[in-house]
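**Q** The file below is data-v6.txt, compact mmCIF, C-alpha atoms and all ligand atoms:
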# COMPACT_ATOMS: atom_id res chain seq x y z
CA MET A 1 60.27 -71.23 -180.42
CA ALA A 2 59.69 -71.99 -184.08
CA THR A 3 62.70 -72.07 -186.37
CA GLY A 4 63.38 -68.75 -188.03
CA GLU A 5 61.70 -66.79 -185.23
CA ARG A 6 63.78 -64.24 -183.44
CA CYS A 7 64.31 -65.33 -179.87
CA GLY A 8 63.77 -61.82 -178.59
CA ALA A 9 67.17 -61.22 -177.00
CA LEU A 10 69.90 -58.99 -178.34
CA VAL A 11 73.20 -60.84 -178.58
CA HIS A 12 76.72 -59.93 -179.63
CA TRP A 13 77.65 -60.71 -183.22
CA GLY A 14 81.33 -60.11 -183.87
CA GLY A 15 81.42 -57.15 -181.50
CA ARG A 16 78.04 -55.74 -182.62
CA ARG A 17 74.65 -56.27 -181.05
CA GLY A 18 71.84 -57.86 -183.01
CA PRO A 19 68.93 -60.27 -182.67
CA CYS A 20 69.69 -63.93 -182.03
CA MET A 21 68.99 -66.29 -184.92
CA THR A 22 67.87 -69.88 -185.00
CA ILE A 23 68.35 -72.99 -187.06
CA GLU A 24 66.46 -76.27 -187.07
CA ILE A 25 68.61 -79.39 -186.80
CA ASN A 26 66.78 -82.70 -187.20
CA GLY A 27 63.52 -81.05 -186.19
CA GLU A 28 64.84 -79.21 -183.12
CA SER A 29 65.38 -75.49 -182.98
CA HIS A 30 68.77 -74.18 -181.83
CA GLU A 31 70.17 -70.71 -181.34
CA LEU A 32 72.96 -70.05 -183.82
CA PRO A 33 76.46 -69.41 -182.47
CA ARG A 34 77.40 -65.83 -181.79
CA ASP A 35 80.83 -66.23 -183.35
CA PRO A 36 80.30 -65.63 -187.09
CA ARG A 37 83.44 -67.65 -187.94
CA VAL A 38 81.97 -71.02 -186.87
CA THR A 39 81.23 -73.38 -189.74
CA LEU A 40 78.00 -75.34 -189.85
CA LEU A 41 80.03 -78.53 -189.38
CA ASP A 42 81.80 -77.25 -186.27
CA PHE A 43 78.54 -75.89 -184.87
CA VAL A 44 76.85 -79.27 -185.18
CA ARG A 45 79.83 -81.35 -184.02
CA GLU A 46 81.47 -79.14 -181.40
CA HIS A 47 78.62 -77.02 -180.07
CA LEU A 48 75.71 -79.45 -180.32
CA LYS A 49 77.85 -82.60 -179.84
CA MET A 50 76.23 -84.39 -182.78
CA THR A 51 79.27 -86.15 -184.18
CA GLY A 52 77.70 -88.16 -187.01
CA ALA A 53 78.90 -85.78 -189.72
CA LYS A 54 82.65 -86.13 -190.06
CA LYS A 55 85.47 -83.70 -190.76
CA GLY A 56 87.66 -85.33 -193.36
CA CYS A 57 89.43 -82.56 -195.24
CA ASP A 58 87.73 -79.34 -194.01
CA HIS A 59 88.23 -78.07 -197.55
CA GLY A 60 85.15 -79.23 -199.46
CA GLN A 61 86.95 -82.09 -201.14
CA CYS A 62 85.88 -85.33 -199.44
CA GLY A 63 82.14 -85.10 -198.69
CA ALA A 64 82.47 -86.63 -195.20
CA CYS A 65 80.70 -83.59 -193.75
CA THR A 66 77.67 -83.76 -196.08
CA MET A 67 74.38 -82.61 -194.55
CA LEU A 68 71.02 -81.71 -196.08
CA VAL A 69 70.02 -78.05 -195.87
CA ASN A 70 66.40 -77.53 -196.81
CA GLY A 71 66.60 -80.92 -198.54
CA GLN A 72 69.72 -80.22 -200.60
CA ARG A 73 73.13 -81.74 -199.92
CA ILE A 74 76.00 -79.46 -199.05
CA ASN A 75 79.51 -79.70 -197.65
CA SER A 76 78.93 -78.33 -194.17
CA CYS A 77 82.63 -77.52 -193.73
CA LEU A 78 82.34 -74.87 -196.44
CA THR A 79 79.48 -72.84 -195.01
CA LEU A 80 79.17 -70.64 -191.94
CA ALA A 81 76.49 -71.48 -189.39
CA VAL A 82 75.25 -67.88 -189.28
CA MET A 83 74.37 -68.10 -192.99
CA HIS A 84 71.60 -70.55 -192.09
CA ASP A 85 69.19 -68.47 -190.05
CA GLY A 86 65.79 -70.16 -190.40
CA ASP A 87 67.11 -73.12 -192.38
CA SER A 88 66.19 -76.74 -191.75
CA VAL A 89 69.17 -79.10 -191.55
CA THR A 90 69.21 -82.89 -191.55
CA THR A 91 72.28 -84.78 -190.39
CA ILE A 92 72.81 -88.52 -190.36
CA GLU A 93 71.28 -88.56 -186.86
CA GLY A 94 68.05 -87.26 -188.43
CA ILE A 95 68.01 -89.84 -191.21
CA GLY A 96 67.89 -92.91 -188.99
CA SER A 97 69.21 -94.54 -185.86
CA PRO A 98 70.60 -98.00 -185.06
CA ALA A 99 67.15 -98.91 -183.73
CA ALA A 100 65.26 -97.46 -186.71
CA MET A 101 67.50 -97.43 -189.75
CA ALA A 102 66.54 -95.76 -193.00
CA PRO A 103 66.46 -98.01 -196.10
CA LEU A 104 69.83 -96.68 -197.28
CA GLN A 105 71.40 -97.45 -193.92
CA GLU A 106 70.04 -100.99 -194.02
CA ALA A 107 71.33 -101.42 -197.56
CA PHE A 108 74.81 -100.20 -196.62
CA VAL A 109 74.92 -102.84 -193.87
CA LYS A 110 73.60 -105.55 -196.17
CA HIS A 111 76.09 -104.77 -198.96
CA ASP A 112 79.13 -104.00 -196.77
CA GLY A 113 79.07 -100.44 -198.07
CA TYR A 114 81.79 -99.39 -195.63
CA GLN A 115 84.93 -100.55 -193.93
CA CYS A 116 86.13 -97.97 -191.38
CA GLY A 117 82.80 -96.13 -191.65
CA TYR A 118 84.33 -92.65 -191.54
CA CYS A 119 82.83 -91.58 -194.86
CA THR A 120 79.53 -93.41 -194.35
CA PRO A 121 77.39 -90.64 -192.76
CA GLY A 122 78.32 -88.33 -195.62
CA GLN A 123 77.72 -91.06 -198.19
CA ILE A 124 74.24 -91.76 -196.86
CA CYS A 125 73.25 -88.10 -196.54
CA SER A 126 74.55 -87.48 -200.05
CA ALA A 127 72.78 -90.53 -201.49
CA THR A 128 69.52 -89.48 -199.83
CA ALA A 129 69.54 -86.14 -201.64
CA MET A 130 71.02 -87.62 -204.81
CA LEU A 131 68.09 -90.00 -205.29
CA GLN A 132 65.72 -87.07 -204.93
CA GLU A 133 67.72 -85.16 -207.56
CA ILE A 134 67.33 -88.06 -210.02
CA ALA A 135 63.62 -88.31 -209.20
CA ALA A 136 63.29 -84.58 -209.87
CA GLY A 137 64.90 -85.06 -213.29
CA TRP A 138 68.11 -83.14 -212.63
CA PRO A 139 70.72 -84.17 -215.22
CA SER A 140 74.33 -84.99 -214.37
CA ASP A 141 77.51 -85.19 -216.43
CA ALA A 142 76.66 -88.86 -217.02
CA THR A 143 73.23 -88.08 -218.49
CA ALA A 144 73.54 -88.69 -222.23
CA ASP A 145 70.79 -86.23 -223.13
CA PRO A 146 70.35 -83.50 -220.50
CA THR A 147 66.86 -82.76 -221.85
CA ASP A 148 65.81 -86.38 -221.22
CA THR A 149 64.74 -87.88 -217.88
CA PRO A 150 67.87 -89.30 -216.21
CA LYS A 151 68.01 -93.09 -216.13
CA LEU A 152 68.79 -94.94 -212.95
CA THR A 153 72.13 -96.48 -213.94
CA ARG A 154 75.32 -97.30 -212.04
CA GLU A 155 77.10 -94.66 -214.13
CA GLU A 156 74.61 -92.01 -213.00
CA VAL A 157 75.02 -93.02 -209.36
CA GLN A 158 78.83 -93.11 -209.61
CA GLU A 159 78.96 -89.67 -211.23
CA ARG A 160 76.51 -88.14 -208.77
CA MET A 161 78.33 -89.61 -205.76
CA SER A 162 81.77 -88.58 -207.02
CA GLY A 163 81.99 -85.82 -204.41
CA ASN A 164 81.99 -88.39 -201.62
CA LEU A 165 85.39 -90.04 -201.27
CA CYS A 166 85.95 -93.35 -199.51
CA ARG A 167 89.52 -93.91 -198.44
CA CYS A 168 88.76 -97.58 -197.81
CA GLY A 169 87.68 -98.02 -201.43
CA ALA A 170 84.25 -99.47 -200.69
CA TYR A 171 82.87 -97.83 -203.82
CA ALA A 172 81.50 -100.93 -205.55
CA ASN A 173 79.51 -101.93 -202.48
CA ILE A 174 78.32 -98.37 -201.88
CA VAL A 175 76.90 -98.28 -205.41
CA ASP A 176 75.31 -101.72 -204.89
CA ALA A 177 73.57 -100.43 -201.74
CA ILE A 178 72.34 -97.26 -203.41
CA MET A 179 71.16 -99.12 -206.51
CA GLU A 180 69.13 -101.55 -204.41
CA VAL A 181 67.28 -98.71 -202.68
CA ALA A 182 66.87 -96.73 -205.88
CA GLU A 183 65.45 -99.69 -207.77
CA GLY A 184 63.12 -100.45 -204.87
CA GLU A 185 61.83 -96.88 -204.87
CA ALA A 186 61.43 -96.89 -208.66
CA ALA A 187 59.52 -100.22 -208.68
S1 LIG B 201 85.23 -82.27 -194.48
FE1 LIG B 201 83.87 -81.16 -195.72
S2 LIG B 201 84.29 -81.85 -197.72
FE2 LIG B 201 85.78 -82.84 -196.51
S1 LIG B 202 84.52 -96.78 -195.29
FE1 LIG B 202 86.46 -95.99 -194.68
S2 LIG B 202 86.55 -94.09 -195.72
FE2 LIG B 202 84.81 -95.03 -196.54
Would you write the structure of this file as structure tokens?
Ligand code: FES
Ligand code: FES

**A**
Amino acid sequence: MATGERCGALVHWGGRRGPCMTIEINGESHELPRDPRVTLLDFVREHLKMTGAKKGCDHGQCGACTMLVNGQRINSCLTLAVMHDGDSVTTIEGIGSPAAMAPLQEAFVKHDGYQCGYCTPGQICSATAMLQEIAAGWPSDATADPTDTPKLTREEVQERMSGNLCRCGAYANIVDAIMEVAEGEAA
């Protein structure tokens, strides 16, 4: 079944009957939960048992739960799974694996961009989308002239990653890792 297609069955949605809905997670289609109160984060972690994305605050304040939805980063603790019928979601499991790491994952290892690692999946998902935002010319609060193409500076990266907290304080190394990948992509 392709993502976004109705699966044909009528299911219960909060006491009412309606068509089942689907979501694509890392390229695989899944039926969305029938309980409309389930967040996207809980759906992925508790229902699908993909535990890469972390629950830090459950209030949209730490970024540990960051996932990409249709290529854009979001806090998955702040959105309901049923709002994502037909969407394509990428979690850290879809970005790379220990056997086939993405460049950002390799750079985090190389630069010691983590200590406990709890924030790391969110940092890497966020950085993945953030580099695309810079490439697309989206300005940030650190962009001196919002009408100009944003420059790839540490200040830009720090500002754009400010929604991802690291309780271990590995920030300097996280920025080093991101800058190495960004400069490699820009070269
Ligand atoms: S767990 Fe979602 S922002 Fe903290
Ligand atoms: S590495 Fe521990 S919270 Fe960031």

**Q** Determine, counting all atoms listed in the file, every residue of protein, DNA or RNA that lies within 9 Å of (70.2, -70.7, -183.7) in the file coordinates, then give the result as a tab-separated table (two decimals) with C-alpha atoms, in the coordinates of the input.

**A**
chain	number	residue	atom	x	y	z
A	3	THR	CA	62.70	-72.07	-186.37
A	4	GLY	CA	63.38	-68.75	-188.03
A	7	CYS	CA	64.31	-65.33	-179.87
A	20	CYS	CA	69.69	-63.93	-182.03
A	21	MET	CA	68.99	-66.29	-184.92
A	22	THR	CA	67.87	-69.88	-185.00
A	23	ILE	CA	68.35	-72.99	-187.06
A	24	GLU	CA	66.46	-76.27	-187.07
A	29	SER	CA	65.38	-75.49	-182.98
A	30	HIS	CA	68.77	-74.18	-181.83
A	31	GLU	CA	70.17	-70.71	-181.34
A	32	LEU	CA	72.96	-70.05	-183.82
A	33	PRO	CA	76.46	-69.41	-182.47
A	34	ARG	CA	77.40	-65.83	-181.79
A	81	ALA	CA	76.49	-71.48	-189.39
A	82	VAL	CA	75.25	-67.88	-189.28
A	84	HIS	CA	71.60	-70.55	-192.09
A	85	ASP	CA	69.19	-68.47	-190.05
A	86	GLY	CA	65.79	-70.16	-190.40

**Q** Check which residues fall inside 6 Å of ligand LIG 201 (chain B) when counting only C-alpha atoms and all ligand atoms, and print them as a list in words.

**A** Lys55, Gly56, Cys57, Asp58, His59, Gly60, Gln61, Cys62, Gly63, Ala64, Cys65, Asn75, Ser76 and Cys77 of chain A

**Q** Around ligand LIG 202 (chain B), out to 6 Å and counting all atoms listed in the file, which residues are there? I want them as an MDAnalysis selection string.

**A** chainID A and resid 114:120 166:168

**Q** Could you take the residues named above and write them with C-alpha atoms, as a PDB file, in the frame of the given file?

**A**
ATOM      1  CA  TYR A 114      81.790 -99.390-195.630  1.00  0.00           C
ATOM      2  CA  GLN A 115      84.930-100.550-193.930  1.00  0.00           C
ATOM      3  CA  CYS A 116      86.130 -97.970-191.380  1.00  0.00           C
ATOM      4  CA  GLY A 117      82.800 -96.130-191.650  1.00  0.00           C
ATOM      5  CA  TYR A 118      84.330 -92.650-191.540  1.00  0.00           C
ATOM      6  CA  CYS A 119      82.830 -91.580-194.860  1.00  0.00           C
ATOM      7  CA  THR A 120      79.530 -93.410-194.350  1.00  0.00           C
ATOM      8  CA  CYS A 166      85.950 -93.350-199.510  1.00  0.00           C
ATOM      9  CA  ARG A 167      89.520 -93.910-198.440  1.00  0.00           C
ATOM     10  CA  CYS A 168      88.760 -97.580-197.810  1.00  0.00           C
TER      11      CYS A 168
END

**Q** For a quick check of understanding, using only C-alpha atoms, which of A:Ala99, A:Ile92, A:Leu40, A:Met161 has the smallest distance to Met130 (chain A)?

**A**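 Nearest to Met130 (chain A): A:Met161.
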
**Q** What's around Thr143 (chain A) at 9 Å? Count all atoms listed in the file, leave out sequence neighbours fewer than 5 positions away in its own chain, and write the answer as a CSV table (one decimal) with C-alpha atoms, keeping the file's coordinate frame.

**A**
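Output contents, as saved in part-v2.csv:
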chain,number,residue,atom,x,y,z
A,148,ASP,CA,65.8,-86.4,-221.2
A,149,THR,CA,64.7,-87.9,-217.9
A,150,PRO,CA,67.9,-89.3,-216.2
A,151,LYS,CA,68.0,-93.1,-216.1
A,155,GLU,CA,77.1,-94.7,-214.1
A,156,GLU,CA,74.6,-92.0,-213.0

**Q** Residues near Ala53 (chain A), anyone? I mean within 8 Å using all atoms listed in the file, not counting same-chain ones fewer than 6 positions away, as a JSON list (two decimals) with C-alpha atoms, in the coordinates of the input.

**A**
[["chain", "number", "residue", "atom", "x", "y", "z"],
["A", 41, "LEU", "CA", 80.03, -78.53, -189.38],
["A", 45, "ARG", "CA", 79.83, -81.35, -184.02],
["A", 64, "ALA", "CA", 82.47, -86.63, -195.20],
["A", 65, "CYS", "CA", 80.70, -83.59, -193.75],
["A", 66, "THR", "CA", 77.67, -83.76, -196.08],
["A", 67, "MET", "CA", 74.38, -82.61, -194.55],
["A", 91, "THR", "CA", 72.28, -84.78, -190.39],
["A", 92, "ILE", "CA", 72.81, -88.52, -190.36],
["A", 121, "PRO", "CA", 77.39, -90.64, -192.76],
["A", 122, "GLY", "CA", 78.32, -88.33, -195.62]]

**Q** Expressed in Å to a single decimal, how great is the separation between CA of Ala172 (chain A) and CA of Arg154 (chain A)?

**A**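 Separation of CA of Ala172 (chain A) and CA of Arg154 (chain A): 9.7 Å.
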
**Q** So how many Å separate CA of Gly94 (chain A) and CA of Thr153 (chain A), to one decimal?

**A**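 Taking CA of Gly94 (chain A) and CA of Thr153 (chain A), their separation equals 27.4 Å.
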
**Q** For Val38 (chain A), which residue out of A:Leu152, A:Ile124, A:Met101, A:Leu78 is the nearest one, using all atoms listed in the file?

**A** A:Leu78

**Q** Between CA of Ser88 (chain A) and CA of Asn70 (chain A), what is the spacing in Å?

**A** 5.1 Å

**Q** I need the residue nearest Lys49 (chain A) from this list: A:Glu93, A:Asp35, A:Glu133, A:Asp87. Use all atoms listed in the file for the distance.

**A**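 Once distances to Lys49 (chain A) are computed over all atoms listed in the file, the minimum belongs to A:Glu93.
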
**Q** Dig up all the protein and nucleic acid residues within 6 Å of (82.9, -70.9, -186.6) in the file frame, using all atoms listed in the file, and format them as a list in words.

**A**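 Output: Pro36, Arg37, Val38 and Thr39 of chain A.
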
**Q** Could you give me the axis-aligned bounding box of region 28-37 of chain A, with 3 Å of padding per side, as centre plus edge lengths in Å to one decimal, as AutoDock Vina command-line options?

**A**
--center_x 74.1 --center_y -72.4 --center_z -184.6 --size_x 24.6 --size_y 19.6 --size_z 12.6

**Q** From the options A:Glu159, A:Asp145, A:Asp42, A:Asp112, which residue's atoms come nearest to Ala177 (chain A), counting all atoms listed in the file?

**A**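 When distances to Ala177 (chain A) are compared using all atoms listed in the file, the smallest one comes from A:Asp112.
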
**Q** Out of A:Leu104, A:Ser162, A:Ser126, A:Val157, which residue has the shortest atom-to-atom distance to Glu185 (chain A) when counting all atoms listed in the file?

**A** A:Leu104

**Q** Could you tell me which of A:Val175, A:Ala135, A:Val69, A:Leu48 comes closest to Val89 (chain A) if we count all atoms listed in the file?

**A**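 For Val89 (chain A), the nearest of the candidates is A:Val69.
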